[in-house]
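Listing of upload.pdb, PDB, C-alpha atoms
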ATOM      1  CA  MET A  10       0.000   0.000   0.000  1.00  0.00           C
ATOM      2  CA  ASP A  11       2.824   2.431   0.900  1.00  0.00           C
ATOM      3  CA  LYS A  12       4.252   2.062  -2.604  1.00  0.00           C
ATOM      4  CA  TRP A  13       1.295   3.980  -4.019  1.00  0.00           C
ATOM      5  CA  ASN A  14       1.384   6.805  -1.481  1.00  0.00           C
ATOM      6  CA  GLN A  15       4.884   8.195  -1.878  1.00  0.00           C
ATOM      7  CA  LEU A  16       5.491  11.640  -3.367  1.00  0.00           C
ATOM      8  CA  ALA A  17       7.195  11.486  -6.743  1.00  0.00           C
ATOM      9  CA  SER A  18      10.725  12.793  -7.187  1.00  0.00           C
ATOM     10  CA  LYS A  19      11.405  16.080  -8.960  1.00  0.00           C
ATOM     11  CA  GLU A  20      12.802  14.121 -11.897  1.00  0.00           C
ATOM     12  CA  SER A  21       9.599  12.074 -12.148  1.00  0.00           C
ATOM     13  CA  ILE A  22       7.395  15.172 -11.832  1.00  0.00           C
ATOM     14  CA  ASP A  23       9.322  17.007 -14.558  1.00  0.00           C
ATOM     15  CA  LYS A  24       9.128  13.970 -16.849  1.00  0.00           C
ATOM     16  CA  THR A  25       5.381  13.642 -16.239  1.00  0.00           C
ATOM     17  CA  ILE A  26       4.647  17.301 -16.916  1.00  0.00           C
ATOM     18  CA  LYS A  27       6.631  17.200 -20.160  1.00  0.00           C
ATOM     19  CA  ALA A  28       4.756  14.083 -21.317  1.00  0.00           C
ATOM     20  CA  LEU A  29       1.354  15.521 -20.384  1.00  0.00           C
ATOM     21  CA  LYS A  30       2.058  18.639 -22.428  1.00  0.00           C
ATOM     22  CA  VAL A  31       2.913  16.458 -25.418  1.00  0.00           C
ATOM     23  CA  SER A  32      -0.452  14.752 -24.824  1.00  0.00           C
ATOM     24  CA  GLY A  33      -2.236  18.107 -25.113  1.00  0.00           C
ATOM     25  CA  ILE A  34      -2.798  18.610 -21.377  1.00  0.00           C
ATOM     26  CA  ASP A  35      -1.776  21.917 -19.792  1.00  0.00           C
ATOM     27  CA  ALA A  36       0.239  20.543 -16.867  1.00  0.00           C
ATOM     28  CA  ARG A  37       1.989  22.516 -14.157  1.00  0.00           C
ATOM     29  CA  PHE A  38       3.459  22.005 -10.688  1.00  0.00           C
ATOM     30  CA  VAL A  39       2.858  23.852  -7.423  1.00  0.00           C
ATOM     31  CA  LYS A  40       4.383  23.323  -3.983  1.00  0.00           C
ATOM     32  CA  ASN A  41       1.365  23.139  -1.698  1.00  0.00           C
ATOM     33  CA  SER A  42      -2.397  23.304  -1.177  1.00  0.00           C
ATOM     34  CA  GLN A  43      -2.463  27.065  -0.813  1.00  0.00           C
ATOM     35  CA  GLN A  44      -0.755  27.535  -4.173  1.00  0.00           C
ATOM     36  CA  VAL A  45      -2.996  25.091  -5.989  1.00  0.00           C
ATOM     37  CA  LYS A  46      -6.134  26.674  -4.589  1.00  0.00           C
ATOM     38  CA  LYS A  47      -4.921  30.060  -5.800  1.00  0.00           C
ATOM     39  CA  ALA A  48      -4.013  28.620  -9.212  1.00  0.00           C
ATOM     40  CA  VAL A  49      -7.463  27.100  -9.720  1.00  0.00           C
ATOM     41  CA  LEU A  50      -9.271  30.274  -8.705  1.00  0.00           C
ATOM     42  CA  GLU A  51      -7.109  32.222 -11.175  1.00  0.00           C
ATOM     43  CA  ILE A  52      -8.113  29.860 -14.000  1.00  0.00           C
ATOM     44  CA  LEU A  53     -11.860  30.089 -13.304  1.00  0.00           C
ATOM     45  CA  PRO A  54     -13.438  33.285 -14.685  1.00  0.00           C
ATOM     46  CA  GLU A  55     -15.778  35.051 -12.299  1.00  0.00           C
ATOM     47  CA  GLY A  56     -19.380  34.164 -13.087  1.00  0.00           C
ATOM     48  CA  SER A  57     -18.468  30.864 -14.744  1.00  0.00           C
ATOM     49  CA  GLU A  58     -20.539  27.705 -14.365  1.00  0.00           C
ATOM     50  CA  VAL A  59     -18.573  25.144 -12.345  1.00  0.00           C
ATOM     51  CA  MET A  60     -19.303  21.514 -11.518  1.00  0.00           C
ATOM     52  CA  THR A  61     -17.241  20.269  -8.572  1.00  0.00           C
ATOM     53  CA  MET A  62     -16.965  16.519  -8.899  1.00  0.00           C
ATOM     54  CA  SER A  63     -16.956  14.387  -5.746  1.00  0.00           C
ATOM     55  CA  SER A  64     -13.332  14.514  -4.659  1.00  0.00           C
ATOM     56  CA  LYS A  65     -11.499  14.019  -1.385  1.00  0.00           C
ATOM     57  CA  THR A  66      -8.714  16.186  -2.852  1.00  0.00           C
ATOM     58  CA  LEU A  67     -11.030  19.153  -3.453  1.00  0.00           C
ATOM     59  CA  ASP A  68     -12.622  18.740  -0.036  1.00  0.00           C
ATOM     60  CA  THR A  69      -9.240  18.569   1.712  1.00  0.00           C
ATOM     61  CA  ILE A  70      -7.938  21.819   0.276  1.00  0.00           C
ATOM     62  CA  GLY A  71     -11.268  23.621   0.607  1.00  0.00           C
ATOM     63  CA  LEU A  72     -11.977  24.096  -3.097  1.00  0.00           C
ATOM     64  CA  SER A  73     -15.387  22.408  -3.045  1.00  0.00           C
ATOM     65  CA  GLU A  74     -16.534  24.792  -0.333  1.00  0.00           C
ATOM     66  CA  GLU A  75     -14.953  27.799  -2.033  1.00  0.00           C
ATOM     67  CA  ILE A  76     -16.634  27.151  -5.379  1.00  0.00           C
ATOM     68  CA  ASN A  77     -20.043  26.209  -3.996  1.00  0.00           C
ATOM     69  CA  LYS A  78     -20.460  28.931  -1.381  1.00  0.00           C
ATOM     70  CA  GLN A  79     -23.257  31.422  -1.907  1.00  0.00           C
ATOM     71  CA  ASP A  80     -21.340  34.605  -2.702  1.00  0.00           C
ATOM     72  CA  GLY A  81     -22.226  34.924  -6.373  1.00  0.00           C
ATOM     73  CA  LYS A  82     -18.650  34.654  -7.636  1.00  0.00           C
ATOM     74  CA  PHE A  83     -19.367  31.406  -9.500  1.00  0.00           C
ATOM     75  CA  LYS A  84     -22.428  29.547 -10.720  1.00  0.00           C
ATOM     76  CA  PRO A  85     -22.220  26.163  -8.977  1.00  0.00           C
ATOM     77  CA  VAL A  86     -23.918  23.374 -10.917  1.00  0.00           C
ATOM     78  CA  ARG A  87     -24.443  21.534  -7.632  1.00  0.00           C
ATOM     79  CA  ASP A  88     -26.865  24.254  -6.502  1.00  0.00           C
ATOM     80  CA  LYS A  89     -29.076  23.444  -9.463  1.00  0.00           C
ATOM     81  CA  LEU A  90     -28.781  19.705  -8.888  1.00  0.00           C
ATOM     82  CA  TYR A  91     -29.695  19.957  -5.201  1.00  0.00           C
ATOM     83  CA  ALA A  92     -32.857  21.864  -6.147  1.00  0.00           C
ATOM     84  CA  MET A  93     -34.030  19.129  -8.511  1.00  0.00           C
ATOM     85  CA  ASN A  94     -35.957  15.900  -7.953  1.00  0.00           C
ATOM     86  CA  GLN A  95     -34.028  12.713  -8.700  1.00  0.00           C
ATOM     87  CA  GLN A  96     -37.242  10.754  -9.220  1.00  0.00           C
ATOM     88  CA  THR A  97     -38.799  13.088 -11.794  1.00  0.00           C
ATOM     89  CA  GLN A  98     -35.844  15.017 -13.243  1.00  0.00           C
ATOM     90  CA  ALA A  99     -33.125  12.388 -13.541  1.00  0.00           C
ATOM     91  CA  GLN A 100     -32.390  13.036 -17.213  1.00  0.00           C
ATOM     92  CA  GLU A 101     -32.143  16.807 -16.744  1.00  0.00           C
ATOM     93  CA  MET A 102     -29.813  16.250 -13.800  1.00  0.00           C
ATOM     94  CA  ASN A 103     -27.612  13.956 -15.867  1.00  0.00           C
ATOM     95  CA  LYS A 104     -27.335  16.563 -18.605  1.00  0.00           C
ATOM     96  CA  LEU A 105     -26.388  19.315 -16.159  1.00  0.00           C
ATOM     97  CA  GLY A 106     -23.658  17.257 -14.529  1.00  0.00           C
ATOM     98  CA  ALA A 107     -22.281  15.897 -17.782  1.00  0.00           C
ATOM     99  CA  ALA A 108     -21.764  19.141 -19.703  1.00  0.00           C
ATOM    100  CA  PRO A 109     -20.760  22.052 -17.451  1.00  0.00           C
ATOM    101  CA  GLN A 110     -18.677  24.984 -18.582  1.00  0.00           C
ATOM    102  CA  TYR A 111     -15.952  23.955 -16.118  1.00  0.00           C
ATOM    103  CA  ALA A 112     -15.526  20.517 -14.530  1.00  0.00           C
ATOM    104  CA  LEU A 113     -13.286  20.534 -11.469  1.00  0.00           C
ATOM    105  CA  GLY A 114     -12.009  17.360  -9.830  1.00  0.00           C
ATOM    106  CA  SER A 115      -9.115  14.958  -9.478  1.00  0.00           C
ATOM    107  CA  VAL A 116      -7.816  11.672 -10.903  1.00  0.00           C
ATOM    108  CA  HIS A 117      -6.448   8.397  -9.558  1.00  0.00           C
ATOM    109  CA  ALA A 118      -3.199   8.003 -11.484  1.00  0.00           C
ATOM    110  CA  VAL A 119      -0.988  10.020 -13.820  1.00  0.00           C
ATOM    111  CA  THR A 120       1.744   8.271 -15.784  1.00  0.00           C
ATOM    112  CA  GLU A 121       5.232   9.475 -16.545  1.00  0.00           C
ATOM    113  CA  ASP A 122       4.491   8.933 -20.243  1.00  0.00           C
ATOM    114  CA  GLY A 123       1.457  11.218 -20.313  1.00  0.00           C
ATOM    115  CA  HIS A 124      -1.690   9.214 -19.541  1.00  0.00           C
ATOM    116  CA  VAL A 125      -4.363  10.041 -16.955  1.00  0.00           C
ATOM    117  CA  LEU A 126      -6.550   7.384 -15.297  1.00  0.00           C
ATOM    118  CA  ILE A 127      -9.888   7.973 -13.546  1.00  0.00           C
ATOM    119  CA  ALA A 128     -11.883   5.145 -11.970  1.00  0.00           C
ATOM    120  CA  SER A 129     -15.549   5.448 -11.026  1.00  0.00           C
ATOM    121  CA  ASN A 130     -18.362   3.416  -9.527  1.00  0.00           C
ATOM    122  CA  THR A 131     -21.259   5.315 -11.137  1.00  0.00           C
ATOM    123  CA  GLY A 132     -19.384   6.975 -14.017  1.00  0.00           C
ATOM    124  CA  SER A 133     -21.036  10.317 -13.254  1.00  0.00           C
ATOM    125  CA  GLN A 134     -17.884  12.403 -13.680  1.00  0.00           C
ATOM    126  CA  LEU A 135     -16.558  10.663 -16.782  1.00  0.00           C
ATOM    127  CA  PRO A 136     -18.685  12.256 -19.569  1.00  0.00           C
ATOM    128  CA  ALA A 137     -17.582  15.752 -18.551  1.00  0.00           C
ATOM    129  CA  TYR A 138     -13.929  14.729 -18.366  1.00  0.00           C
ATOM    130  CA  ALA A 139     -13.906  12.800 -21.627  1.00  0.00           C
ATOM    131  CA  TYR A 140     -15.762  15.264 -23.838  1.00  0.00           C
ATOM    132  CA  ALA A 141     -18.762  17.271 -22.679  1.00  0.00           C
ATOM    133  CA  ALA A 142     -17.279  19.915 -20.351  1.00  0.00           C
ATOM    134  CA  LEU A 143     -15.842  22.910 -22.165  1.00  0.00           C
ATOM    135  CA  HIS A 144     -12.970  23.009 -19.682  1.00  0.00           C
ATOM    136  CA  VAL A 145     -11.564  20.470 -17.224  1.00  0.00           C
ATOM    137  CA  ILE A 146      -9.332  21.212 -14.236  1.00  0.00           C
ATOM    138  CA  TRP A 147      -7.701  18.369 -12.301  1.00  0.00           C
ATOM    139  CA  VAL A 148      -5.923  18.878  -8.981  1.00  0.00           C
ATOM    140  CA  VAL A 149      -3.572  15.969  -8.334  1.00  0.00           C
ATOM    141  CA  GLY A 150      -1.302  15.070  -5.428  1.00  0.00           C
ATOM    142  CA  ALA A 151       2.189  14.075  -6.601  1.00  0.00           C
ATOM    143  CA  GLN A 152       1.842  10.661  -4.948  1.00  0.00           C
ATOM    144  CA  LYS A 153      -0.435   9.674  -7.836  1.00  0.00           C
ATOM    145  CA  ILE A 154       2.366   9.652 -10.413  1.00  0.00           C
ATOM    146  CA  VAL A 155       3.187   6.169 -11.703  1.00  0.00           C
ATOM    147  CA  LYS A 156       5.479   4.789 -14.382  1.00  0.00           C
ATOM    148  CA  ASN A 157       2.874   3.657 -16.918  1.00  0.00           C
ATOM    149  CA  VAL A 158      -0.753   2.608 -17.437  1.00  0.00           C
ATOM    150  CA  SER A 159      -0.081  -0.878 -16.066  1.00  0.00           C
ATOM    151  CA  GLU A 160       1.147   0.612 -12.789  1.00  0.00           C
ATOM    152  CA  GLY A 161      -1.765   3.030 -12.826  1.00  0.00           C
ATOM    153  CA  MET A 162      -4.206   0.119 -12.946  1.00  0.00           C
ATOM    154  CA  LYS A 163      -2.424  -1.565 -10.056  1.00  0.00           C
ATOM    155  CA  ARG A 164      -2.574   1.645  -8.043  1.00  0.00           C
ATOM    156  CA  ILE A 165      -6.333   1.876  -8.618  1.00  0.00           C
ATOM    157  CA  TYR A 166      -7.092  -1.720  -7.629  1.00  0.00           C
ATOM    158  CA  GLU A 167      -4.499  -2.198  -4.873  1.00  0.00           C
ATOM    159  CA  TYR A 168      -4.700   1.232  -3.224  1.00  0.00           C
ATOM    160  CA  VAL A 169      -7.552   3.472  -4.364  1.00  0.00           C
ATOM    161  CA  LEU A 170     -10.369   0.899  -4.351  1.00  0.00           C
ATOM    162  CA  PRO A 171      -9.830  -0.388  -0.782  1.00  0.00           C
ATOM    163  CA  LEU A 172      -9.687   3.168   0.586  1.00  0.00           C
ATOM    164  CA  GLU A 173     -12.723   4.310  -1.387  1.00  0.00           C
ATOM    165  CA  SER A 174     -14.643   1.216  -0.268  1.00  0.00           C
ATOM    166  CA  GLU A 175     -13.970   2.077   3.368  1.00  0.00           C
ATOM    167  CA  ARG A 176     -15.042   5.669   2.773  1.00  0.00           C
ATOM    168  CA  ALA A 177     -18.250   4.555   1.036  1.00  0.00           C
ATOM    169  CA  LYS A 178     -19.116   2.167   3.874  1.00  0.00           C
ATOM    170  CA  LYS A 179     -18.851   4.956   6.436  1.00  0.00           C
ATOM    171  CA  ALA A 180     -20.477   7.657   4.323  1.00  0.00           C
ATOM    172  CA  TYR A 181     -23.338   5.721   2.712  1.00  0.00           C
ATOM    173  CA  GLY A 182     -23.666   2.478   4.660  1.00  0.00           C
ATOM    174  CA  VAL A 183     -23.010   0.395   1.527  1.00  0.00           C
ATOM    175  CA  PRO A 184     -20.911  -2.819   1.325  1.00  0.00           C
ATOM    176  CA  GLY A 185     -18.152  -1.039  -0.575  1.00  0.00           C
ATOM    177  CA  SER A 186     -17.266   0.536  -3.907  1.00  0.00           C
ATOM    178  CA  ASN A 187     -16.324  -0.765  -7.343  1.00  0.00           C
ATOM    179  CA  VAL A 188     -14.219   0.106 -10.351  1.00  0.00           C
ATOM    180  CA  SER A 189     -17.300  -0.092 -12.531  1.00  0.00           C
ATOM    181  CA  LYS A 190     -16.030   2.291 -15.200  1.00  0.00           C
ATOM    182  CA  LEU A 191     -12.568   3.478 -16.096  1.00  0.00           C
ATOM    183  CA  LEU A 192     -11.446   6.411 -18.233  1.00  0.00           C
ATOM    184  CA  ILE A 193      -7.933   6.663 -19.648  1.00  0.00           C
ATOM    185  CA  VAL A 194      -7.075  10.002 -21.246  1.00  0.00           C
ATOM    186  CA  SER A 195      -4.142   9.493 -23.577  1.00  0.00           C
ATOM    187  CA  LYS A 196      -4.445  12.723 -25.544  1.00  0.00           C
ATOM    188  CA  GLU A 197      -6.547  15.910 -25.597  1.00  0.00           C
ATOM    189  CA  ILE A 198      -7.053  17.275 -29.108  1.00  0.00           C
ATOM    190  CA  ASN A 199      -8.579  20.604 -28.052  1.00  0.00           C
ATOM    191  CA  PRO A 200      -5.758  22.952 -26.972  1.00  0.00           C
ATOM    192  CA  GLY A 201      -6.282  24.458 -23.521  1.00  0.00           C
ATOM    193  CA  ARG A 202      -9.300  22.322 -22.666  1.00  0.00           C
ATOM    194  CA  ILE A 203      -7.670  20.303 -19.860  1.00  0.00           C
ATOM    195  CA  SER A 204      -5.494  21.724 -17.092  1.00  0.00           C
ATOM    196  CA  LEU A 205      -3.763  19.406 -14.624  1.00  0.00           C
ATOM    197  CA  ILE A 206      -2.061  20.870 -11.564  1.00  0.00           C
ATOM    198  CA  LEU A 207       0.341  18.596  -9.707  1.00  0.00           C
ATOM    199  CA  VAL A 208       0.789  19.426  -6.030  1.00  0.00           C
ATOM    200  CA  ASN A 209       3.791  18.412  -3.953  1.00  0.00           C
ATOM    201  CA  GLU A 210       1.513  17.041  -1.211  1.00  0.00           C
ATOM    202  CA  LYS A 211      -0.289  13.773  -0.581  1.00  0.00           C
ATOM    203  CA  LEU A 212      -3.861  14.677  -1.500  1.00  0.00           C
ATOM    204  CA  GLY A 213      -6.772  12.300  -1.908  1.00  0.00           C
ATOM    205  CA  PHE A 214      -6.523   8.620  -2.812  1.00  0.00           C
TER     206      PHE A 214
END
Please render this file's structure as structure tokens.
Amino acid sequence: MDKWNQLASKESIDKTIKALKVSGIDARFVKNSQQVKKAVLEILPEGSEVMTMSSKTLDTIGLSEEINKQDGKFKPVRDKLYAMNQQTQAQEMNKLGAAPQYALGSVHAVTEDGHVLIASNTGSQLPAYAYAALHVIWVVGAQKIVKNVSEGMKRIYEYVLPLESERAKKAYGVPGSNVSKLLIVSKEINPGRISLILVNEKLGF
């Protein structure tokens, strides 16, 4: 388990950022949570529509709260979702969550050769990441860097899934979680669409 929770070396971080840029992802590095929070808020235009995906990383650094607070700076998609009825408006809710102006979240593994892996039980965040959101911002702790996709898969199944299962049991009273759906982003063809900020801290799973 410890193997998947060690901060990457500077050499590995530099290699990863270079590879991500070749893959069409605007990658950068910051030293800590305060810097990444500032960087994200600088990217988001005031008044923009933002969907904060469920993310322990965002919650830990206070970005979920910052984006969704009622001060009028942003237009949180979650406000609209919370006001809707899951039983009668499920399709409308799916559309709202799938295609926001900005999707903000995290990922489960980033490879040194420029791939990004996101696992999900429901798949709710994947449409926005893969295509539908106009802009995607990922905040990623540097412990999530791995050598390649094969190692990324191992990290998800050996490390992320057990921790997420424990979280789900406590939060929702369910037996556990699953890797029901998996997205691998190997290249982004729309310049500037995806930003990935690596943080030199252990954030999230």
**Request:** List the residues matched by the PyMOL selection byres ((chain A and resi 14) around 9) in the displayed structure as number ranges by chain, ordered by chain and then by residue number.
**Result:** A: 10-13, 15-16, 151-153, 168, 211, 214
**Request:** Pull out every residue that the PyMOL selection byres ((chain A and resi 82-99) around 7) matches in the shown coordinates and put them as number ranges by chain.
**Result:** A: 55-60, 76-77, 80-81, 100-103
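The residue that comes closest to Gln44 (chain A), out of A:Met162, A:Leu212, A:Ile193, A:Ile206 and on the basis of all atoms listed in the file, is A:Ile206.
With the shown file loaded, the PyMOL selection byres ((chain A and resi 127) around 8) picks out Val116, His117, Ala118, Val125, Leu126, Ala128, Ser129, Leu135, Leu191, Leu192 and Ile193 of chain A.
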**Prompt:** With distances taken over all atoms listed in the file, which of A:Glu51, A:Glu197, A:Glu20, A:Glu75 is nearest to Ile154 (chain A)?
**Reply:** A:Glu20
**Asked** If you measure from CA of Ile146 (chain A) to CA of Leu205 (chain A), what distance in Å do you get, rounded to one decimal?
**Response**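 Computing it gives 5.9 Å between the two atoms.
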**Fill in**
Restricting to all atoms listed in the file, whichever of A:Ser64, A:Gly213, A:Gly114, A:Val148 is closest to Phe38 (chain A) is A:Val148
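Closest to Gln43 (chain A) among A:Lys19, A:Ile70, A:Lys196, A:Ala112 is A:Ile70, based on only C-alpha atoms.
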**Asked** Rounded to one decimal in Å, what is the spacing between CA of Gly106 (chain A) and CA of Tyr138 (chain A)?
**Response**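 It comes out at 10.8 Å.
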**Request:** For Tyr140 (chain A), work out the shell of residues within 10 Å, counting only C-alpha atoms and skipping chain neighbours fewer than 4 positions away, then give it as a PyMOL selection string.
**Result:** chain A and resi 107-108+135-136+144-145+197+199+202
